[in-house]
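The structure under discussion appears below in the form of structure tokens.
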Amino acid sequence: MDRLLKASVIENRQLINNHYLLTLQPLKKIRKPGPGRFFMLTVDDGLDPLLKRPFSIHRWTGGNFQILYRVAGKGTHLLSKKKQGDTIEAIGPLGNGFNVGKTQNNIILVAGGIGIAPVFALAETISKRKPLLFYGTRTKKEALCIDNLKSLGIKPVMSTDDGTLGTKGNIINVMKKHLTRSTLSTDCVIYACGPGPMLRSLSEFTKKHGLKAYAALEQNMACGLGTCLGCVVNTVNGYKRVCKEGPVFPIDEIIW
Amino acid sequence: MDRLLKASVIENRQLINNHYLLTLQPLKKIRKPGPGRFFMLTVDDGLDPLLKRPFSIHRWTGGNFQILYRVAGKGTHLLSKKKQGDTIEAIGPLGNGFNVGKTQNNIILVAGGIGIAPVFALAETISKRKPLLFYGTRTKKEALCIDNLKSLGIKPVMSTDDGTLGTKGNIINVMKKHLTRSTLSTDCVIYACGPGPMLRSLSEFTKKHGLKAYAALEQNMACGLGTCLGCVVNTVNGYKRVCKEGPVFPIDEIIW
Amino acid sequence: MTGKKTIDLKVNLGKLRLKNPVMTASGTFGYGEEYSEFIDINKLGAVVVKGLSLKPKQGNPPPRIVETPAGMLNAIGLQNIGIENFINKKLPFLKQFDTPVIVNFFGDSIAEYVKAAGILNSAKGIHALEMNISCPNKQAGWSIFGTDPKVTFKVVSQVRKATDLTLIVKLSPNVTDIGLMAKTAEDAGADAVSLINTLTGMAIDIKSRKPKLANITGGLSGPAVRPVAVRMVWECYKTVKIPVIGMGGILSAEDAIEFILAGASAVAVGTGNFINPRTTMDIMEGIECFMADNGIKSVKELTGAVQC
Amino acid sequence: MTGKKTIDLKVNLGKLRLKNPVMTASGTFGYGEEYSEFIDINKLGAVVVKGLSLKPKQGNPPPRIVETPAGMLNAIGLQNIGIENFINKKLPFLKQFDTPVIVNFFGDSIAEYVKAAGILNSAKGIHALEMNISCPNKQAGWSIFGTDPKVTFKVVSQVRKATDLTLIVKLSPNVTDIGLMAKTAEDAGADAVSLINTLTGMAIDIKSRKPKLANITGGLSGPAVRPVAVRMVWECYKTVKIPVIGMGGILSAEDAIEFILAGASAVAVGTGNFINPRTTMDIMEGIECFMADNGIKSVKELTGAVQC
Ligand SMILES: Cc1cc2nc3c(=O)[nH]c(=O)nc-3n(C[C@H](O)[C@H](O)[C@H](O)COP(=O)(O)OP(=O)(O)OC[C@H]3O[C@@H](n4cnc5c(N)ncnc54)[C@H](O)[C@@H]3O)c2cc1C
Ligand SMILES: Cc1cc2nc3c(=O)[nH]c(=O)nc-3n(C[C@H](O)[C@H](O)[C@H](O)COP(=O)(O)OP(=O)(O)OC[C@H]3O[C@@H](n4cnc5c(N)ncnc54)[C@H](O)[C@@H]3O)c2cc1C
Ligand SMILES: Cc1cc2nc3c(=O)[nH]c(=O)nc-3n(C[C@H](O)[C@H](O)[C@H](O)COP(=O)(O)O)c2cc1C
Ligand SMILES: Cc1cc2nc3c(=O)[nH]c(=O)nc-3n(C[C@H](O)[C@H](O)[C@H](O)COP(=O)(O)O)c2cc1C
Ligand code: FES
Ligand code: FES
């Protein structure tokens, strides 16, 4: 029963355009979940949308947790209408998150778009180990968490589709150039979250250079618990459930 | 196009328990509709509930109109959550309301429960002709509009199921006694709205005494416009549409 | 980008030409009068009127409708004013518009179907007939017209002989093999098939323990049924060569395009009219915008264009 | 008022006794492990596990699910770990509970069905079998088991010979005459029928023009289908003497009672488990309250008690 909970909306702040930061206070105490894990949230009480929606843990602040989200469709639109004091039903934390070895240094983080939500959570956890963060967005405005990253001592290498911030273009290309310039040590480990095409090209790069990398994947979900088998991705070991074996997978296991 | 409109919520006030008074400002000018007519209102933007819901016009105040409603199920529950500034889609005014002859005096009004909503509208229109109002509710708290009726110079004869206000029992019985005591003139006309059983027993009474009476009926509605044929009631002249030929019918036409 | 000016929304149903693919679904648009206040009937692809029979029919006792999750059940029971009253009292109104009038009709026997088709065929101002063989409000073995292919073939081929108007056969979704039903209609001479009619359903009030509809069962329509309707349109599109008219829960241009991609040459809006009387107009404009945004010149290019 | 203490929730399915009528629907409860965190499996009427086949099956490529209005489409493709793995790795967990385990299974041929039933029959800790003859994710003529009464009769009667466990036949709603299918299962020796499985549906992404499911079509479940499911349960109840297990969009005690009034002896919760993992428990408590409030002593009194 512990992972079925109600949470009260403390704040649901519009950051920019269709990006929001939702702060939730669980109505019972829960332990701080690791980065990369997620919650299934009820976006509305009615029957349409019917299913809960999965959201990564973005931050954990004194018993409250934060969800950083982008309005993608009906469910997230309804979520954006939640007001302080509203109650949301949640299941979580779920899945296997980013698992960083205790002694692992030389950590590279890669985030594309709203993929920053869980990547930031990871950055916060391991900030003392000075990770290198590559972060691509569509445009300058959509570069989120920059100040919070700064407080952690992290200054991301940026790219934007329209060139309004950092290099113009795709973040994996920027990363490639950057990492070739500096010494690309093989004991580095990459942790990434972002759109499918980004992860796919990251995976080509890491394969080529024999680098270790982990990616947080997305898939439509119904249960979030591993029972419906709806959220599988194809891996070298057969179909695996994003909600249960994932959402974080070794990137070289994934068949794109 | 005139009768398809958007309206802005000015106020959605909880009066008591599950009774609310909704004040709407149409976003385009509409003419004051007669009492007994109704609007179809969107209670939610989603697909569940799917259909608009019918509500009588309760009051018309300087271009705004008011709906007095009782939370009966999912749709009215959602309606009760509407906040100032929210926009509601409406179709109306619809149907044929209470049609009181210009010279008609000796007017008797009968309201049961939320049936007061349109009956009040009628009372307001013809208040100068000093109608006699019989009004039954479940309990004292649910006797609505009493002050507003007073301002119109109308002091209703009350009954409540639990005897907390007026006579204990059913309003038709109260009316029967009252009208037998006073002189029951045959040129009186009765206008009523309330639950089915109330209207049915009213109809028995009026038939017995050869009185003219009109009742505003309810029926599940889909279109409100007369096209779906979903809202019929059985009458001596065959099925008639509550939304189009009604909601007000001569009570002796109805086959109960 | 294609400018809106050059966009071609015209579609054909047999020899019938529609200026655009958006029609109304039978039983949800009356005989057109009520909606003329809200929309320009001249802009519709076609008007399909409430189902007619030879004699007026009073329909089922109330309650006749009840809402269900993202849908509604209806058991109107085919109440209608009869063909003669329609021709005399309602058709003149519809004739004013530059929009084809499609008459939905039904009978209690093959003979009645044939007679009805004959009368409608000789009335001026009717452009096509839609045979309802699928209404789920069963009476006396009535539902077999739409569920037994042998009977379907017989009734459709008889009606075919009685009319030279474009003949649309409206299929019931309450069957094991919708493709077979469409093929049967095609083989019997139909110019087009339309689907889906409503899925038979039931709802019970647990307090009174009574069915929520006086007729016990009713027909389910609205967004709830859309996935079933899209699948059936796709199956029919693959099976027959005649045009398919798609309907079932269409509320928006996106929904309409989904049906067109699945194989519909035209679409009809039913329950959507109740939710918003301007739904048909919004859909038409939305299809135009979609085509402009995607550089599609003719809506015909979209029919069946789903990439499977 | 009847006190909760004296309320009798027990129901029988053939010789199987359930302590209450609330079961889980196959494919929505895995093999029970995940939900044991949220509910007390001991309190369930029965656990029905994800459909099993002789050999493990990898299922369909993703995307496998998509939401639709008040429903969802799934095309899991019957992914499962195979009967042997189930018996060795999953059944021991379920055996801990004082709750009957019903194994849902299927085969690609009659021989496979029979073989599967035989193996399951001799495993200890399985209380009943539910034959899935109705999954709409067709492969090579596979769907005929559930839609052609002759084939249904054949496969059910063969399986009947292979097991003396309570045999439930799970019916497909994608048929013209559900009563006939139920009767066929009864005649072939089934102890109960369960319905509905999912309605075949489809959804298309209009931007990519691709089906939203990799498998093109999928099965519709959830509240959207409830009116169809209630109607079918009612038709089966009127047609057969064996118990009917009702499912399709049950989310609340009210929904469950609606199915019971329509004729269900027991009900199963499918999609409802996804929306809230405690749905089964809430339903059980709700049924108890309803019975207490209405002075109903045994839930059996409610089965088929709709007043038509
Ligand atoms: C493990 C995980 C963590 C996630 N974390 C975040 C996050 O931190 N912030 C954020 O903004 N988004 C996150 N997402 C994505 C988010 O769940 C979807 O954007 C959201 O579910 C879309 O719902 P919708 O109703 O607004 O959109 P819809 O209109 O339903 O669909 C819009 C798009 O979202 C996809 N989608 C719909 N339902 C789901 C679902 N149940 N699961 C996954 N995708 C779905 C659709 O396929 C479609 O591409 C995460 C997804 C997963 C699987
Ligand atoms: C002409 C007319 C005028 C009305 N005026 C008022 C009014 O001024 N104030 C007020 O409180 N109520 C009024 N009603 C009743 C009001 O429409 C219903 O209470 C409301 O639709 C219930 O919706 P729901 O979703 O809350 O309830 P549901 O959960 O849908 O159902 C609760 C009850 O309401 C009935 N109902 C549901 N949908 C409709 C519908 N579309 N039309 C009619 N009944 C329905 C159901 O049969 C059921 O008995 C009026 C009804 C009509 C027909
Ligand atoms: C109230 C109502 C009445 C209907 N009457 C008819 C009818 O007379 N003839 C017919 O062929 N279909 C009739 N239908 C079916 C619709 O034309 C349409 O096939 C079905 O509702 C599915 O479309 P929708 O989901 O857009 O409503 C009716 C549907 C509704 C809701
Ligand atoms: C994700 C999913 C997987 C399913 N898998 C199976 C299965 O393996 N075997 C089976 O007989 N039914 C299966 N079903 C059908 C359900 O058991 C049930 O019959 C159907 O979903 C209707 O109930 P519901 O609306 O409560 O979900 C599955 C349904 C879903 C949603
Ligand atoms: S969402 Fe159900 S198994 Fe992953
Ligand atoms: S509500 Fe449609 S005809 Fe009255």
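Chains: A, B, ... in order of the structure tokens. Residues: from 1 per chain. Ligands: from 1, in order shown.
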
**Request:** Could the residues of chain C within 6 Å of chain B, counting only C-alpha atoms, be given as a list of chain:residue names, please?
**Result:**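 Output check: C:Thr28, C:Phe29, C:Gly30, C:Glu37, C:Phe38, C:Arg64, C:Ile65, C:Pro69, C:Ala70, C:Phe274, C:Ile275.
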
Please produce a file of the residues just selected, as a compact mmCIF listing (two decimals), in the first residue's frame, where the atoms kept are N, CA and C atoms.
```
# COMPACT_ATOMS: atom_id res chain seq x y z
N THR C 28 -29.87 12.19 -36.21
CA THR C 28 -29.22 13.15 -35.32
C THR C 28 -29.35 14.56 -35.86
N PHE C 29 -30.08 14.71 -36.95
CA PHE C 29 -30.15 15.99 -37.63
C PHE C 29 -31.59 16.29 -38.01
N GLY C 30 -32.51 15.50 -37.49
CA GLY C 30 -33.92 15.68 -37.83
C GLY C 30 -34.09 15.70 -39.33
N GLU C 37 -30.44 26.99 -38.08
CA GLU C 37 -30.18 28.18 -37.26
C GLU C 37 -28.69 28.28 -36.90
N PHE C 38 -28.02 27.14 -36.87
CA PHE C 38 -26.66 27.12 -36.36
C PHE C 38 -25.60 26.97 -37.45
N ARG C 64 -35.72 7.24 -23.41
CA ARG C 64 -35.15 6.75 -24.67
C ARG C 64 -33.65 6.94 -24.78
N ILE C 65 -33.11 7.80 -23.95
CA ILE C 65 -31.65 8.00 -24.03
C ILE C 65 -31.03 8.00 -22.65
N PRO C 69 -20.23 6.21 -20.47
CA PRO C 69 -18.90 6.82 -20.54
C PRO C 69 -18.49 7.16 -21.98
N ALA C 70 -18.30 8.44 -22.25
CA ALA C 70 -17.92 8.95 -23.57
C ALA C 70 -18.87 8.49 -24.68
N PHE C 274 -25.17 16.85 -31.32
CA PHE C 274 -25.84 17.15 -30.05
C PHE C 274 -24.91 17.94 -29.14
N ILE C 275 -23.64 17.57 -29.19
CA ILE C 275 -22.68 18.19 -28.28
C ILE C 275 -22.43 19.64 -28.68
```

**Spatial neighbours of A:Val9, max dist 9 Å, only C-alpha atoms, sep filter under 6 positions, as a PyMOL selection string** = chain A and resi 22-26+82-88

I need the residues from that last selection saved to file as an mmCIF file, in the first residue's frame (with N, CA, C and O atoms), if you can.
```cif
data_model
loop_
_atom_site.group_PDB
_atom_site.id
_atom_site.type_symbol
_atom_site.label_atom_id
_atom_site.label_comp_id
_atom_site.auth_asym_id
_atom_site.auth_seq_id
_atom_site.Cartn_x
_atom_site.Cartn_y
_atom_site.Cartn_z
ATOM 1 N N LEU A 22 5.456 21.261 -11.101
ATOM 2 C CA LEU A 22 4.406 20.890 -10.154
ATOM 3 C C LEU A 22 5.051 20.438 -8.852
ATOM 4 O O LEU A 22 5.886 19.530 -8.864
ATOM 5 N N THR A 23 4.671 21.063 -7.765
ATOM 6 C CA THR A 23 5.199 20.659 -6.457
ATOM 7 C C THR A 23 4.097 19.940 -5.684
ATOM 8 O O THR A 23 3.006 20.483 -5.496
ATOM 9 N N LEU A 24 4.388 18.730 -5.281
ATOM 10 C CA LEU A 24 3.386 17.893 -4.612
ATOM 11 C C LEU A 24 3.844 17.529 -3.214
ATOM 12 O O LEU A 24 5.016 17.217 -2.994
ATOM 13 N N GLN A 25 2.887 17.541 -2.307
ATOM 14 C CA GLN A 25 3.168 17.096 -0.946
ATOM 15 C C GLN A 25 2.433 15.788 -0.709
ATOM 16 O O GLN A 25 1.196 15.768 -0.665
ATOM 17 N N PRO A 26 3.180 14.714 -0.571
ATOM 18 C CA PRO A 26 2.506 13.421 -0.329
ATOM 19 C C PRO A 26 1.748 13.487 0.986
ATOM 20 O O PRO A 26 2.238 14.073 1.948
ATOM 21 N N LYS A 82 -4.359 22.069 -12.618
ATOM 22 C CA LYS A 82 -4.452 21.791 -11.179
ATOM 23 C C LYS A 82 -4.007 23.013 -10.387
ATOM 24 O O LYS A 82 -3.063 23.702 -10.766
ATOM 25 N N LYS A 83 -4.727 23.202 -9.299
ATOM 26 C CA LYS A 83 -4.459 24.382 -8.488
ATOM 27 C C LYS A 83 -4.005 23.974 -7.091
ATOM 28 O O LYS A 83 -4.273 22.849 -6.642
ATOM 29 N N GLN A 84 -3.395 24.905 -6.421
ATOM 30 C CA GLN A 84 -2.971 24.674 -5.046
ATOM 31 C C GLN A 84 -4.131 24.109 -4.234
ATOM 32 O O GLN A 84 -5.251 24.613 -4.312
ATOM 33 N N GLY A 85 -3.858 23.067 -3.491
ATOM 34 C CA GLY A 85 -4.896 22.482 -2.657
ATOM 35 C C GLY A 85 -5.605 21.313 -3.314
ATOM 36 O O GLY A 85 -6.239 20.508 -2.634
ATOM 37 N N ASP A 86 -5.529 21.213 -4.637
ATOM 38 C CA ASP A 86 -6.112 20.041 -5.309
ATOM 39 C C ASP A 86 -5.351 18.790 -4.889
ATOM 40 O O ASP A 86 -4.172 18.847 -4.530
ATOM 41 N N THR A 87 -6.046 17.672 -4.947
ATOM 42 C CA THR A 87 -5.405 16.419 -4.574
ATOM 43 C C THR A 87 -5.199 15.559 -5.816
ATOM 44 O O THR A 87 -6.071 15.482 -6.683
ATOM 45 N N ILE A 88 -4.060 14.941 -5.877
ATOM 46 C CA ILE A 88 -3.730 14.069 -7.007
ATOM 47 C C ILE A 88 -3.434 12.687 -6.462
ATOM 48 O O ILE A 88 -2.797 12.553 -5.420
#
```

**Request:** Provide as an MDAnalysis selection string the residues of chain D at most 8 Å from chain C, counting only C-alpha atoms.
**Result:** chainID D and resid 68:71 147 174:177 199:206 209:211 216:217 220 223:225 227:232 254 257:258 261:262 305:308

With N, CA and C atoms kept, could you save the residues just selected as a short mmCIF file (atom, residue, chain, number, x, y, z; two decimals), in the first residue's frame?
```cif
data_model
loop_
_atom_site.label_atom_id
_atom_site.label_comp_id
_atom_site.auth_asym_id
_atom_site.auth_seq_id
_atom_site.Cartn_x
_atom_site.Cartn_y
_atom_site.Cartn_z
N THR D 68 -8.05 5.61 -25.60
CA THR D 68 -9.14 6.08 -26.46
C THR D 68 -10.21 6.68 -25.54
N PRO D 69 -11.25 7.32 -26.07
CA PRO D 69 -12.22 7.94 -25.16
C PRO D 69 -12.83 6.94 -24.15
N ALA D 70 -12.56 7.16 -22.89
CA ALA D 70 -13.03 6.30 -21.80
C ALA D 70 -12.66 4.84 -21.98
N GLY D 71 -11.60 4.60 -22.72
CA GLY D 71 -11.16 3.22 -22.93
C GLY D 71 -9.72 3.15 -23.35
N THR D 147 -15.32 -17.35 -32.93
CA THR D 147 -16.37 -16.71 -33.71
C THR D 147 -17.18 -17.68 -34.57
N ASN D 174 -16.95 -9.95 -30.42
CA ASN D 174 -16.95 -9.59 -31.83
C ASN D 174 -17.75 -10.58 -32.66
N VAL D 175 -18.97 -10.84 -32.22
CA VAL D 175 -19.80 -11.82 -32.90
C VAL D 175 -21.22 -11.29 -33.05
N THR D 176 -21.94 -11.88 -33.98
CA THR D 176 -23.31 -11.46 -34.24
C THR D 176 -24.24 -11.90 -33.11
N ASP D 177 -24.01 -13.11 -32.62
CA ASP D 177 -24.96 -13.67 -31.65
C ASP D 177 -24.22 -14.24 -30.45
N LEU D 199 -13.26 -5.70 -27.59
CA LEU D 199 -13.83 -5.42 -28.92
C LEU D 199 -12.70 -4.98 -29.85
N THR D 200 -12.66 -5.53 -31.03
CA THR D 200 -11.55 -5.16 -31.92
C THR D 200 -11.70 -3.72 -32.40
N GLY D 201 -10.63 -2.96 -32.25
CA GLY D 201 -10.66 -1.55 -32.62
C GLY D 201 -9.35 -1.12 -33.24
N MET D 202 -9.31 0.14 -33.63
CA MET D 202 -8.14 0.67 -34.33
C MET D 202 -8.08 2.17 -34.10
N ALA D 203 -6.88 2.70 -34.06
CA ALA D 203 -6.72 4.15 -33.95
C ALA D 203 -5.56 4.54 -34.85
N ILE D 204 -5.70 5.69 -35.51
CA ILE D 204 -4.70 6.12 -36.48
C ILE D 204 -4.16 7.48 -36.07
N ASP D 205 -2.86 7.63 -36.12
CA ASP D 205 -2.23 8.93 -35.90
C ASP D 205 -2.29 9.69 -37.22
N ILE D 206 -3.02 10.80 -37.22
CA ILE D 206 -3.24 11.46 -38.51
C ILE D 206 -1.98 12.18 -39.00
N ARG D 209 0.14 9.21 -40.21
CA ARG D 209 -0.73 8.33 -41.02
C ARG D 209 -0.54 6.84 -40.70
N LYS D 210 0.05 6.59 -39.56
CA LYS D 210 0.26 5.19 -39.16
C LYS D 210 -0.73 4.80 -38.07
N PRO D 211 -1.08 3.52 -38.03
CA PRO D 211 -1.88 3.04 -36.89
C PRO D 211 -1.12 3.34 -35.60
N ILE D 216 -1.49 -2.76 -35.76
CA ILE D 216 -2.60 -2.15 -36.51
C ILE D 216 -3.89 -2.13 -35.68
N THR D 217 -4.46 -3.29 -35.41
CA THR D 217 -5.67 -3.31 -34.59
C THR D 217 -5.34 -3.80 -33.18
N LEU D 220 -10.35 -3.25 -27.53
CA LEU D 220 -10.87 -2.13 -26.75
C LEU D 220 -11.41 -2.63 -25.42
N PRO D 223 -14.34 1.52 -19.53
CA PRO D 223 -15.74 1.97 -19.39
C PRO D 223 -16.46 2.17 -20.72
N ALA D 224 -15.73 2.55 -21.77
CA ALA D 224 -16.36 2.78 -23.06
C ALA D 224 -17.19 1.57 -23.51
N VAL D 225 -16.72 0.37 -23.21
CA VAL D 225 -17.39 -0.84 -23.71
C VAL D 225 -18.45 -1.37 -22.75
N PRO D 227 -21.54 -0.63 -21.73
CA PRO D 227 -22.92 -0.91 -22.15
C PRO D 227 -23.02 -2.15 -23.04
N VAL D 228 -22.02 -2.35 -23.89
CA VAL D 228 -22.03 -3.53 -24.76
C VAL D 228 -21.86 -4.80 -23.91
N ALA D 229 -20.97 -4.73 -22.94
CA ALA D 229 -20.70 -5.88 -22.09
C ALA D 229 -21.92 -6.25 -21.25
N VAL D 230 -22.58 -5.25 -20.68
CA VAL D 230 -23.76 -5.51 -19.85
C VAL D 230 -24.85 -6.18 -20.69
N ARG D 231 -25.04 -5.66 -21.90
CA ARG D 231 -26.05 -6.24 -22.78
C ARG D 231 -25.72 -7.71 -23.09
N MET D 232 -24.46 -7.98 -23.36
CA MET D 232 -24.08 -9.35 -23.72
C MET D 232 -24.22 -10.30 -22.54
N GLU D 254 -20.85 0.03 -8.15
CA GLU D 254 -22.06 0.25 -8.95
C GLU D 254 -21.98 -0.50 -10.27
N ILE D 257 -22.32 -4.21 -9.68
CA ILE D 257 -23.71 -4.59 -9.39
C ILE D 257 -24.55 -4.56 -10.66
N GLU D 258 -24.25 -3.61 -11.54
CA GLU D 258 -24.96 -3.56 -12.82
C GLU D 258 -24.79 -4.89 -13.58
N LEU D 261 -26.75 -7.68 -11.72
CA LEU D 261 -28.19 -7.58 -12.01
C LEU D 261 -28.49 -8.08 -13.42
N ALA D 262 -27.56 -7.83 -14.35
CA ALA D 262 -27.76 -8.28 -15.73
C ALA D 262 -27.64 -9.79 -15.86
N ALA D 305 -31.22 -10.15 -11.44
CA ALA D 305 -32.42 -9.57 -10.82
C ALA D 305 -32.90 -8.29 -11.51
N VAL D 306 -32.37 -7.97 -12.66
CA VAL D 306 -32.86 -6.79 -13.38
C VAL D 306 -34.33 -7.02 -13.71
N GLN D 307 -35.11 -5.95 -13.56
CA GLN D 307 -36.55 -6.07 -13.80
C GLN D 307 -36.89 -5.53 -15.19
N CYS D 308 -37.04 -6.44 -16.13
CA CYS D 308 -37.29 -6.00 -17.50
C CYS D 308 -38.78 -6.07 -17.84
#
```

**Message:** At a cut-off of 7 Å and counting only C-alpha atoms and all ligand atoms, what residues surround ligand 4? Please answer as an NGL selection string.
**Reply:** (:A and (228-230)) or (:D and (25-28 or 50-51 or 74 or 76 or 78 or 104 or 132 or 134-135 or 170 or 195-198 or 221-223 or 225 or 247-250 or 268-272))

So that I have them on file, write out the residues from the current selection with C-alpha atoms, as a PDB file, in the first residue's frame.
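For reference, part.pdb as written:
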```
ATOM      1  CA  CYS A 228      -0.171  -5.041 -18.496  1.00  0.00           C
ATOM      2  CA  LEU A 229       2.916  -5.640 -20.659  1.00  0.00           C
ATOM      3  CA  GLY A 230       1.933  -2.561 -22.586  1.00  0.00           C
TER       4      GLY A 230
ATOM      5  CA  ALA D  25      -9.472 -10.144 -15.460  1.00  0.00           C
ATOM      6  CA  SER D  26      -6.796 -12.015 -17.330  1.00  0.00           C
ATOM      7  CA  GLY D  27      -3.915  -9.932 -18.616  1.00  0.00           C
ATOM      8  CA  THR D  28      -4.473  -7.069 -16.243  1.00  0.00           C
ATOM      9  CA  LYS D  50      -2.367 -13.561 -17.734  1.00  0.00           C
ATOM     10  CA  GLY D  51      -3.131 -15.902 -20.649  1.00  0.00           C
ATOM     11  CA  ASN D  74      -4.213  -3.072 -26.392  1.00  0.00           C
ATOM     12  CA  ILE D  76      -0.061  -7.141 -26.281  1.00  0.00           C
ATOM     13  CA  LEU D  78      -0.512 -12.632 -25.715  1.00  0.00           C
ATOM     14  CA  ASN D 104      -6.353 -18.339 -18.536  1.00  0.00           C
ATOM     15  CA  ASN D 132      -9.402 -17.755 -24.119  1.00  0.00           C
ATOM     16  CA  SER D 134     -11.510 -14.765 -28.103  1.00  0.00           C
ATOM     17  CA  CYS D 135      -8.367 -12.724 -28.269  1.00  0.00           C
ATOM     18  CA  LYS D 170     -14.099 -16.735 -22.344  1.00  0.00           C
ATOM     19  CA  LEU D 195     -17.337 -12.163 -21.136  1.00  0.00           C
ATOM     20  CA  ILE D 196     -16.537  -9.812 -22.623  1.00  0.00           C
ATOM     21  CA  ASN D 197     -13.075 -10.027 -23.999  1.00  0.00           C
ATOM     22  CA  THR D 198     -12.057  -6.906 -25.908  1.00  0.00           C
ATOM     23  CA  SER D 221     -11.492  -2.308 -23.003  1.00  0.00           C
ATOM     24  CA  GLY D 222     -12.556   0.017 -20.218  1.00  0.00           C
ATOM     25  CA  PRO D 223     -15.736   1.968 -19.392  1.00  0.00           C
ATOM     26  CA  VAL D 225     -17.392  -0.839 -23.711  1.00  0.00           C
ATOM     27  CA  MET D 247     -16.498  -7.962 -17.214  1.00  0.00           C
ATOM     28  CA  GLY D 248     -15.889  -4.942 -19.384  1.00  0.00           C
ATOM     29  CA  GLY D 249     -15.239  -1.507 -17.930  1.00  0.00           C
ATOM     30  CA  ILE D 250     -15.964  -2.272 -14.296  1.00  0.00           C
ATOM     31  CA  ALA D 268     -13.849  -9.436 -13.155  1.00  0.00           C
ATOM     32  CA  VAL D 269     -11.921  -6.179 -13.075  1.00  0.00           C
ATOM     33  CA  GLY D 270      -9.495  -5.550 -15.905  1.00  0.00           C
ATOM     34  CA  THR D 271      -8.575  -2.047 -17.008  1.00  0.00           C
ATOM     35  CA  GLY D 272      -9.819  -0.862 -13.602  1.00  0.00           C
TER      36      GLY D 272
END
```

**Request:** Would you mind listing what lies within 6 Å of D:Ala192 as a ChimeraX atom specification, with only C-alpha atoms counted and same-chain residues fewer than 4 positions away left out?
**Result:** /D:168,242-244

Put those residues in a file: all heavy atoms, as a compact mmCIF listing (two decimals), in the first residue's frame.
```txt
# COMPACT_ATOMS: atom_id res chain seq x y z
N ILE D 168 -14.00 -22.64 -17.65
CA ILE D 168 -14.68 -21.39 -18.04
C ILE D 168 -14.28 -21.08 -19.49
O ILE D 168 -13.11 -21.15 -19.83
CB ILE D 168 -14.22 -20.23 -17.13
CG1 ILE D 168 -14.50 -20.54 -15.66
CG2 ILE D 168 -14.87 -18.91 -17.56
CD1 ILE D 168 -13.71 -19.66 -14.68
N ILE D 242 -25.54 -22.29 -17.21
CA ILE D 242 -24.28 -22.20 -16.46
C ILE D 242 -24.02 -20.75 -16.04
O ILE D 242 -24.56 -19.82 -16.64
CB ILE D 242 -23.10 -22.74 -17.31
CG1 ILE D 242 -23.05 -22.06 -18.68
CG2 ILE D 242 -23.19 -24.25 -17.46
CD1 ILE D 242 -21.88 -22.47 -19.55
N PRO D 243 -23.20 -20.57 -15.00
CA PRO D 243 -22.94 -19.20 -14.52
C PRO D 243 -22.22 -18.36 -15.57
O PRO D 243 -21.44 -18.87 -16.39
CB PRO D 243 -22.03 -19.41 -13.31
CG PRO D 243 -22.10 -20.84 -12.96
CD PRO D 243 -22.53 -21.58 -14.17
N VAL D 244 -22.50 -17.09 -15.50
CA VAL D 244 -21.87 -16.11 -16.39
C VAL D 244 -20.96 -15.22 -15.55
O VAL D 244 -21.37 -14.76 -14.48
CB VAL D 244 -22.95 -15.25 -17.08
CG1 VAL D 244 -22.32 -14.15 -17.94
CG2 VAL D 244 -23.89 -16.12 -17.91
```

**Message:** Taking only C-alpha atoms and all ligand atoms into account, which residues have an atom no farther than 9 Å from ligand 2? I'd like them as a PyMOL selection string.
**Reply:** (chain B and resi 19-20+36-40+43+49+51-58+67-79+94-95+114-118+216-224+231+242-243+246-248) or (chain C and resi 63+65-68+212)

**Item:** Given only C-alpha atoms as the counted atoms, nearest of A:Ser159, A:Pro195, A:Asp45, A:Gly63 to chain B
**Value:**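 Going through A:Ser159, A:Pro195, A:Asp45, A:Gly63 one by one, the smallest distance to chain B is for A:Asp45.
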
**Request:** Give me every helix (DSSP H, G or I) residue in stretch 223-279 of chain C, going by DSSP on the backbone, as a PyMOL selection string.
**Result:** chain C and resi 223-239+253-262+271-275+279

**Asked** atom CA of C:Ile133 and atom CA of C:Gly146, how far apart in Å?
**Response**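 One can read the atom CA of C:Gly146 to atom CA of C:Ile133 distance as 4.7 Å.
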